[in-house]
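Asker: The structure's right below; bear with me while I get my questions together.
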Amino acid sequence: MQSANGGAEIWLERTRCFSRGQTFRGILTKELSTMSPNACLPSVRSGYLQGSSARGAKITRAALLAAPAVRWVYWHTATVLSVLILTSTTGWPGDDRPSAPRFDPAGVRGSLVLGGGGTLPNAAREQFVKLAGGKDAKIVVIPTALDDAALEKGETSLKSWEETKPASAVLLHTRSRDEANRAAVFEPLKEATAVWFDDGEQARIISAYRGTAVEREIQEVLQRGGVIGGASAGAVVLCGMLVADGDAGDVRPGRNLLPASVIEPHFIERKKESRLASTLEKRPELFGMGIDEDTAVIVHGRNLEVVGSGQLTISLAKSANRPAREIEFKEGQQTDLTRWRLAARARIAPAFPAAQPAEPKVAAGSLVIVGGGGLPAEVVTRFVELAGGPESTIIVLPTANPSSMQVAAREGRFLERAGCKHVVTLAETSLAEVSSPEFLAKIKEANGVWFGGGRQWRFVDAYAETPAVEAFRDVLRRGGVIGGSSAGATIQGEYLVRGSPQGNEEMMAEGYERGFGFLPGTAIDQHFTQRKRQADLLSVMTAFPQLLGIGLDETTAIIVTGSTAEVLGKNKAHFYNTRVQSTDGAPECISLETGKRYDLLERKVVEDVKP
C-alpha cells in the first residue's frame, strides 16, 4: 500500500523468537537501499515464529524489516529466528503489472536444476554435478529452508553431494541478513561452480538472503556459467515469482534466476493445478511450471529438459482472446524457455492479429518476396533494379541460418554475381550489436536489404523490439527495396507462420506470431506446392480470416509495389481470400503464374490492359 507521501509502506508484526528458552522482541530497521535493485517491497509482513497475525507498527519505505537473532553459519551455533519477508501481491512499484522490456532470447546464463520434490532423479543429480564441472565441481549447499530441528540433526543434503566426489562441498547457512553480508559467510560462493538449495520453507530463504551479498554472489555463480539448483521450495525460490501462501494465487518475488516464471512443485501429487491457474489469472504475464515429484527440469540457456518419472506442465493464463493453456512434457522431452516467456507476454498485449489489420500495401518502396528453392535470374535482376542498380549499397542478413561467417558470407554471392559492387553482410545478432550506431549506420547507407533463408524465429530473436526494424522500414520509406527468400519471405508478413523455435511444422506458435509487417495484413508461407502446405495455410486462414494468405512456390516471387503483387518466376503464387468462399466452403484460392498481377487490397486479379 502507498503512504500519504507516495512512499511504499511496510507493515511489521511483532516477532517472537525462541531459542533455548530465550525470548526476543524488537525490530531493527535497515535502509531499503541495501536491497538489490530487483527487490521491490511495497509491503512486508512478519509473524510469530510459532504463528501470529497481530498487526503491529507501520513504517515507510525508508525502513526494512529485520530482527535480532542468534546467528548461525555452518561454523557457528544454531539459529532460532525465522522472519518472513514478503512483498505485496504485485511486487512492482507504481503499478500492478510489470513493463515488458526486451529480454535476451538466449535464456539463462549458466544452468538451473529444478526438482519437483520427492526423490531427486539420478539423471538430475548427475547433470547437476556435470554442469558444475564434474570432479572439479565446487558445490555450496544452502539448507536455510530447513527448520531448526532438522538443522541441529544435520538433515541437510551435504553428505549426498559429497558422495558425488566433487572437488569440494560445503554448507552455507544463516538466518541473519547481517551475517549474509559478511565476507566470512559468502566467501565459499566466490569460487563456487554450483549452489544447491535444500527443501523446506521458502520464506526462510527469502528472509535470510534477499538483497544481501549472498544473493549477489549466487547471481555471480550463474553469470560465470555455473549451475544453481534446488528441490521443491529450493527450486521455487529460483523463479521470477513465487506463490506466497494458501490458494489465493498470491505471488511475491523470487530470486529471479528464471525470469517471468512461477513454479509449483509436487504438482500432480498435491493437486496444485487450480492454485497455479489462480496465480496466472492474477499475473498473466508469467508462465507457470508445474513439476511433479521425482521429476526435475534442467534449464540450460533457453532449453528446458525433463528428467524423472513425472512430467513438466507449462501453463499460460486465459486472456481476452485466448483460453488458458496447459502443455505437458515427459521424461526426455525438451521445450523452449524463450517461447513461453514470449507467449506469456503476448497474453497481456493487445489481441494479435487485430480484428481489422492494416491494409496489405506498401506505402513506399517495394518488396521482393521469394518462395525459396532458388532465385531465378529475372527475380535477382528486378531486386537489383529496385535497389537502384549495381552501384547501390545492399545489406544482406544471413541471420536465419546460424552458420559460420564463411557460410554467412555466401548468402549474398548471388548479388555479387549480378554485378553488385557494395554488398554488406551483417551477421550480428545480439541486442547490443543490432542496436549499435555502427550497425544502424550501415542500414542507413543502404537502398536494399535482403533477408536470407533458414528459420524465421531467428530474425525475431535478433531484431524484434530493436531500432533495427525501424531502420529496415526507413529503407522502404526512402524508396528502396526489401527482399528475402524462404524464411526471409515469411518474416515480411504481419503474421508469422512456422515461427516456433521447436520445429517448422507448427503454423501458429504463440510467442512467435509477429512478423515484421513490411506487407501488413498478410500471412506468407513458402515452398508451398512442393511441400504440400495448402492445408497448413488454410488452418491459419480459418483461425484468422481477417488476414490475406499468400503461398509461394519455390523459385517463384511476388514483387509488391503499392498494393499490387506481380508474380515472377518458374511456378505460381497462391492468394487465399476468406472474404469469398469456394463451393466446398474453403476460402477462395487464386493461383497465378509468372507475369500475372494481384490486387492485394481488392483481393482480385488485375486484368491485363489491352493495347
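Residue names in the C-alpha cells use chain letters A, B, ... in the order shown, residue numbers from 1 in each chain, and ligand numbers from 1 in the order shown.
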So that I can check the surroundings of Val129 in chain A, please list as a list in words every protein, DNA and RNA residue that reaches within 9 Å of it, counting only C-alpha atoms and ignoring chain neighbours fewer than 3 positions away.

Answerer: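 Listing them by chain and then by number gives Ala124, Arg125, Glu126, Ala132, Gly133, Gly134, Lys135, Ala137, Ile139, Trp161, Thr164, Pro166, Ala194 and Val227 of chain A.
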
Asker: Go ahead and dump the residues you just picked, N, CA and C atoms, as a tab-separated table (two decimals), in the first residue's frame.

Answerer:
chain	number	residue	atom	x	y	z
A	124	ALA	N	19.11	-36.09	-12.85
A	124	ALA	CA	19.22	-34.68	-12.48
A	124	ALA	C	20.45	-34.45	-11.62
A	125	ARG	N	20.69	-35.38	-10.67
A	125	ARG	CA	21.86	-35.27	-9.81
A	125	ARG	C	23.14	-35.33	-10.66
A	126	GLU	N	23.17	-36.27	-11.59
A	126	GLU	CA	24.35	-36.41	-12.45
A	126	GLU	C	24.55	-35.17	-13.32
A	132	ALA	N	28.42	-28.57	-13.08
A	132	ALA	CA	29.25	-27.87	-12.10
A	132	ALA	C	30.73	-28.11	-12.33
A	133	GLY	N	31.07	-29.03	-13.22
A	133	GLY	CA	32.48	-29.28	-13.50
A	133	GLY	C	32.95	-30.67	-13.19
A	134	GLY	N	32.04	-31.60	-12.84
A	134	GLY	CA	32.43	-32.97	-12.56
A	134	GLY	C	33.33	-33.06	-11.34
A	135	LYS	N	34.48	-33.69	-11.50
A	135	LYS	CA	35.40	-33.85	-10.37
A	135	LYS	C	35.98	-32.52	-9.91
A	137	ALA	N	34.05	-29.86	-9.56
A	137	ALA	CA	32.91	-29.10	-9.04
A	137	ALA	C	33.17	-28.60	-7.63
A	139	ILE	N	30.79	-27.25	-4.81
A	139	ILE	CA	29.37	-27.14	-4.51
A	139	ILE	C	29.16	-26.48	-3.16
A	161	TRP	N	25.79	-34.88	-1.62
A	161	TRP	CA	26.61	-34.23	-2.64
A	161	TRP	C	28.08	-34.59	-2.47
A	164	THR	N	29.15	-37.62	-4.43
A	164	THR	CA	29.41	-37.50	-5.87
A	164	THR	C	30.88	-37.20	-6.14
A	166	PRO	N	32.91	-34.39	-5.59
A	166	PRO	CA	33.33	-33.13	-6.22
A	166	PRO	C	34.65	-32.68	-5.61
A	194	ALA	N	28.72	-24.34	-8.27
A	194	ALA	CA	27.35	-24.82	-8.12
A	194	ALA	C	26.81	-24.44	-6.75
A	227	VAL	N	26.02	-23.57	-12.09
A	227	VAL	CA	24.69	-24.17	-12.03
A	227	VAL	C	24.10	-23.92	-10.65

Asker: Let's see if you can do this: from backbone DSSP, list all strand (DSSP E or B) residues in range 326-381 of chain A, as a count of residues only.

Answerer: 17

Asker: Skipping near chain neighbours, those fewer than 3 positions away, what residues fall within 8 Å of Val140 in chain A using only C-alpha atoms, listed as a ChimeraX atom specification?

Answerer: /A:169-172,188-189,192,194-196

Asker: Distance CA of Asp147 in chain A-CA of Gly200 in chain A, one decimal place?

Answerer: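 Computed distance, CA of Asp147 in chain A to CA of Gly200 in chain A, equals 7.2 Å.
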
Asker: Can you work out the spacing between CA of Gln530 in chain A and CA of Lys570 in chain A in Å, to one decimal?

Answerer: 12.5 Å

Asker: Check the smallest atom-to-atom distance from each of A:Tyr463, A:Phe128, A:Phe414, A:Phe383 to Val449 in chain A using only C-alpha atoms, then report the winner.

Answerer: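 Once distances to Val449 in chain A are computed over only C-alpha atoms, the minimum belongs to A:Phe383.
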
Asker: Using 12 Å as the limit and counting only C-alpha atoms, can you tabulate each residue of range 497-570 of chain A that touches range 584-589 of chain A, with its shortest atom-to-atom distance in Å and the two atoms involved, as a tab-separated table?

Answerer:
residue	atom	partner	partner_atom	distance
A:Gln534	CA	A:Cys589	CA	9.9
A:Ala535	CA	A:Ala586	CA	10.4
A:Leu537	CA	A:Pro587	CA	10.6
A:Leu538	CA	A:Pro587	CA	7.8
A:Ser539	CA	A:Ala586	CA	10.4
A:Val540	CA	A:Pro587	CA	11.1
A:Met541	CA	A:Pro587	CA	7.8
A:Thr542	CA	A:Pro587	CA	8.5
A:Ala543	CA	A:Pro587	CA	12.0
A:Phe544	CA	A:Pro587	CA	11.6
A:Pro545	CA	A:Pro587	CA	8.8
A:Gln546	CA	A:Pro587	CA	11.5
A:Leu547	CA	A:Pro587	CA	11.3
A:Leu548	CA	A:Pro587	CA	10.2
A:Gly549	CA	A:Cys589	CA	9.0
A:Ile550	CA	A:Cys589	CA	9.4
A:Gly551	CA	A:Cys589	CA	9.8

Asker: Neighbouring residues of range 293-305 of chain A were defined as those with any atom within 10 Å, considering only C-alpha atoms; residues of the same chain fewer than 5 positions away were excluded. Please report them as a PyMOL selection string.

Answerer: chain A and resi 104-125+127-128+131+225+227-232+235+258+265-270+310-312+329-339

Asker: Once you have the residues from the selection above, write them out as a compact mmCIF listing (two decimals), in the first residue's frame, restricted to N, CA and C atoms.

Answerer:
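Listed below is the output, result.txt:
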# COMPACT_ATOMS: atom_id res chain seq x y z
N ASP A 104 16.94 -11.10 -23.21
CA ASP A 104 17.87 -11.87 -24.02
C ASP A 104 17.23 -13.20 -24.39
N PRO A 105 16.99 -13.45 -25.67
CA PRO A 105 16.35 -14.71 -26.06
C PRO A 105 17.23 -15.93 -25.83
N ALA A 106 18.51 -15.71 -25.55
CA ALA A 106 19.41 -16.84 -25.32
C ALA A 106 19.09 -17.57 -24.02
N GLY A 107 18.24 -16.98 -23.18
CA GLY A 107 17.83 -17.65 -21.96
C GLY A 107 18.74 -17.33 -20.79
N VAL A 108 18.84 -18.28 -19.85
CA VAL A 108 19.63 -18.03 -18.65
C VAL A 108 21.10 -18.21 -18.94
N ARG A 109 21.90 -17.45 -18.21
CA ARG A 109 23.35 -17.63 -18.25
C ARG A 109 23.66 -18.76 -17.28
N GLY A 110 24.41 -19.75 -17.70
CA GLY A 110 24.64 -20.90 -16.84
C GLY A 110 23.47 -21.87 -16.93
N SER A 111 23.23 -22.61 -15.85
CA SER A 111 22.21 -23.65 -15.86
C SER A 111 21.45 -23.69 -14.54
N LEU A 112 20.24 -24.26 -14.58
CA LEU A 112 19.42 -24.45 -13.39
C LEU A 112 18.95 -25.91 -13.36
N VAL A 113 18.84 -26.46 -12.15
CA VAL A 113 18.24 -27.78 -11.97
C VAL A 113 17.11 -27.60 -10.97
N LEU A 114 15.88 -27.83 -11.43
CA LEU A 114 14.68 -27.56 -10.64
C LEU A 114 13.99 -28.87 -10.30
N GLY A 115 14.06 -29.27 -9.03
CA GLY A 115 13.45 -30.52 -8.61
C GLY A 115 12.04 -30.30 -8.11
N GLY A 116 11.15 -31.20 -8.47
CA GLY A 116 9.74 -31.06 -8.11
C GLY A 116 9.38 -31.65 -6.76
N GLY A 117 10.36 -32.10 -5.97
CA GLY A 117 10.08 -32.71 -4.68
C GLY A 117 10.13 -34.21 -4.76
N GLY A 118 9.96 -34.86 -3.61
CA GLY A 118 10.11 -36.31 -3.57
C GLY A 118 11.59 -36.66 -3.70
N THR A 119 11.91 -37.62 -4.54
CA THR A 119 13.29 -38.04 -4.76
C THR A 119 13.86 -37.35 -5.99
N LEU A 120 15.03 -36.75 -5.84
CA LEU A 120 15.66 -36.13 -6.99
C LEU A 120 16.15 -37.22 -7.94
N PRO A 121 15.73 -37.20 -9.20
CA PRO A 121 16.14 -38.24 -10.14
C PRO A 121 17.67 -38.31 -10.27
N ASN A 122 18.19 -39.52 -10.41
CA ASN A 122 19.63 -39.69 -10.56
C ASN A 122 20.15 -38.90 -11.75
N ALA A 123 19.37 -38.85 -12.83
CA ALA A 123 19.80 -38.11 -14.02
C ALA A 123 19.97 -36.63 -13.72
N ALA A 124 19.11 -36.09 -12.85
CA ALA A 124 19.22 -34.68 -12.48
C ALA A 124 20.45 -34.45 -11.62
N ARG A 125 20.69 -35.38 -10.67
CA ARG A 125 21.86 -35.27 -9.81
C ARG A 125 23.14 -35.33 -10.66
N GLN A 127 23.45 -34.62 -13.85
CA GLN A 127 23.55 -33.42 -14.67
C GLN A 127 24.05 -32.23 -13.85
N PHE A 128 23.57 -32.11 -12.62
CA PHE A 128 23.99 -31.02 -11.75
C PHE A 128 25.50 -31.04 -11.55
N LEU A 131 27.36 -30.29 -14.90
CA LEU A 131 27.33 -28.86 -15.23
C LEU A 131 28.20 -28.04 -14.29
N GLY A 225 28.63 -18.97 -15.59
CA GLY A 225 28.38 -20.26 -16.23
C GLY A 225 28.19 -21.42 -15.29
N VAL A 227 26.02 -23.57 -12.09
CA VAL A 227 24.69 -24.17 -12.03
C VAL A 227 24.10 -23.92 -10.65
N ILE A 228 22.83 -23.55 -10.62
CA ILE A 228 22.08 -23.35 -9.38
C ILE A 228 20.91 -24.33 -9.40
N GLY A 229 20.68 -24.98 -8.28
CA GLY A 229 19.58 -25.94 -8.24
C GLY A 229 18.91 -25.96 -6.90
N GLY A 230 17.78 -26.67 -6.85
CA GLY A 230 17.05 -26.79 -5.61
C GLY A 230 15.92 -27.78 -5.76
N ALA A 231 15.49 -28.30 -4.63
CA ALA A 231 14.37 -29.25 -4.61
C ALA A 231 13.17 -28.60 -3.97
N SER A 232 12.00 -28.70 -4.61
CA SER A 232 10.75 -28.19 -4.07
C SER A 232 10.88 -26.71 -3.70
N ALA A 235 13.67 -25.02 -5.25
CA ALA A 235 13.50 -24.69 -6.67
C ALA A 235 12.59 -23.48 -6.84
N LEU A 258 15.15 -17.52 -12.98
CA LEU A 258 14.35 -17.95 -14.13
C LEU A 258 13.23 -16.94 -14.29
N PRO A 265 5.93 -27.06 -7.29
CA PRO A 265 6.40 -28.45 -7.17
C PRO A 265 5.28 -29.35 -6.66
N HIS A 266 5.55 -30.65 -6.58
CA HIS A 266 4.54 -31.63 -6.13
C HIS A 266 3.23 -31.39 -6.89
N PHE A 267 3.33 -31.13 -8.18
CA PHE A 267 2.21 -30.53 -8.93
C PHE A 267 0.99 -31.44 -8.97
N ILE A 268 1.14 -32.63 -9.52
CA ILE A 268 0.00 -33.55 -9.63
C ILE A 268 -0.32 -34.16 -8.27
N GLU A 269 0.72 -34.53 -7.53
CA GLU A 269 0.51 -35.25 -6.28
C GLU A 269 -0.30 -34.43 -5.27
N ARG A 270 -0.08 -33.13 -5.24
CA ARG A 270 -0.79 -32.29 -4.28
C ARG A 270 -1.90 -31.45 -4.93
N GLY A 310 7.91 -38.27 -13.56
CA GLY A 310 6.71 -37.46 -13.73
C GLY A 310 6.79 -36.59 -14.97
N GLN A 311 6.17 -35.44 -14.90
CA GLN A 311 6.15 -34.57 -16.06
C GLN A 311 6.23 -33.10 -15.66
N LEU A 312 6.56 -32.29 -16.65
CA LEU A 312 6.52 -30.83 -16.53
C LEU A 312 5.26 -30.36 -17.24
N PHE A 329 5.03 -32.17 -20.78
CA PHE A 329 6.28 -32.71 -21.30
C PHE A 329 6.76 -33.82 -20.37
N LYS A 330 7.10 -34.97 -20.93
CA LYS A 330 7.54 -36.11 -20.14
C LYS A 330 9.05 -36.30 -20.25
N GLU A 331 9.54 -37.31 -19.53
CA GLU A 331 10.98 -37.53 -19.46
C GLU A 331 11.60 -37.61 -20.84
N GLY A 332 12.70 -36.91 -21.01
CA GLY A 332 13.41 -36.90 -22.28
C GLY A 332 12.94 -35.84 -23.25
N GLN A 333 11.77 -35.27 -23.00
CA GLN A 333 11.27 -34.23 -23.89
C GLN A 333 11.85 -32.87 -23.52
N GLN A 334 11.94 -32.02 -24.52
CA GLN A 334 12.51 -30.69 -24.33
C GLN A 334 11.56 -29.64 -24.85
N THR A 335 11.70 -28.45 -24.33
CA THR A 335 10.92 -27.33 -24.83
C THR A 335 11.75 -26.06 -24.70
N ASP A 336 11.20 -24.95 -25.17
CA ASP A 336 11.97 -23.73 -25.32
C ASP A 336 11.51 -22.66 -24.33
N LEU A 337 12.42 -22.24 -23.48
CA LEU A 337 12.12 -21.24 -22.46
C LEU A 337 11.68 -19.92 -23.07
N THR A 338 12.39 -19.43 -24.07
CA THR A 338 12.09 -18.12 -24.65
C THR A 338 10.70 -18.08 -25.26
N ARG A 339 10.30 -19.18 -25.86
CA ARG A 339 8.97 -19.23 -26.45
C ARG A 339 7.89 -18.99 -25.39

Asker: In range 178-386 of chain A, what's helix (DSSP H, G or I) per DSSP? Answer as a PyMOL selection string?

Answerer: chain A and resi 178-180+183-190+202-209+213-223+233-236+273-282+337-348+377-386

Asker: One decimal, in Å: what's the spacing between CA of Cys239 in chain A and CA of Gln219 in chain A?

Answerer: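 About the pair CA of Cys239 in chain A and CA of Gln219 in chain A: they are 12.6 Å apart.
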
Asker: Select, from A:Arg322, A:Pro390, A:Asp536, A:Asn401, the residue with the minimum atom-to-atom distance to Ala351 in chain A, counting only C-alpha atoms.

Answerer: A:Arg322

Asker: May I have the residues within 8 Å of Pro376 in chain A as a list in words, using only C-alpha atoms and disregarding those fewer than 5 positions away in the same chain?

Answerer: Thr555, Thr556, Gly569 and Lys570 of chain A

Asker: Using N, CA and C atoms, can you write the selected residues to a file as a short mmCIF file (atom, residue, chain, number, x, y, z; two decimals), in the first residue's frame?

Answerer:
data_model
loop_
_atom_site.label_atom_id
_atom_site.label_comp_id
_atom_site.auth_asym_id
_atom_site.auth_seq_id
_atom_site.Cartn_x
_atom_site.Cartn_y
_atom_site.Cartn_z
N THR A 555 11.21 -21.16 -56.29
CA THR A 555 11.70 -20.42 -57.48
C THR A 555 10.64 -19.47 -58.04
N THR A 556 9.83 -18.93 -57.14
CA THR A 556 8.76 -18.01 -57.54
C THR A 556 8.71 -16.86 -56.55
N GLY A 569 8.76 -15.72 -61.89
CA GLY A 569 9.50 -16.95 -61.61
C GLY A 569 8.95 -18.14 -62.35
N LYS A 570 9.32 -19.34 -61.88
CA LYS A 570 9.06 -20.56 -62.63
C LYS A 570 7.74 -21.24 -62.28
#

Asker: Skip Lys318 in chain A itself and residues of its chain fewer than 5 positions away, then list as an MDAnalysis selection string all residues within 9 Å of it, counting only C-alpha atoms.

Answerer: chainID A and resid 277 280:281 284 323:325 347

Asker: Counting only C-alpha atoms, which residue out of A:Gly371, A:Gly154, A:Gly365, A:Pro353 sits closest to Arg531 in chain A?

Answerer: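 Of the candidates, the smallest distance to Arg531 in chain A is held by A:Gly371.
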
Asker: Calculated over only C-alpha atoms, which of the candidates A:Leu476, A:Met508, A:Ala446, A:Leu342 has the smallest distance to Ala464 in chain A?

Answerer: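 Of A:Leu476, A:Met508, A:Ala446, A:Leu342, the one nearest Ala464 in chain A is A:Leu342, counting only C-alpha atoms.
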
Asker: Can you work out which one of A:Gln526, A:Asn181, A:Ser392, A:Ser486 has the shortest atom-to-atom distance to Ala213 in chain A, counting only C-alpha atoms?

Answerer: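 Looking only at the distances to Ala213 in chain A, the closest residue turns out to be A:Asn181.
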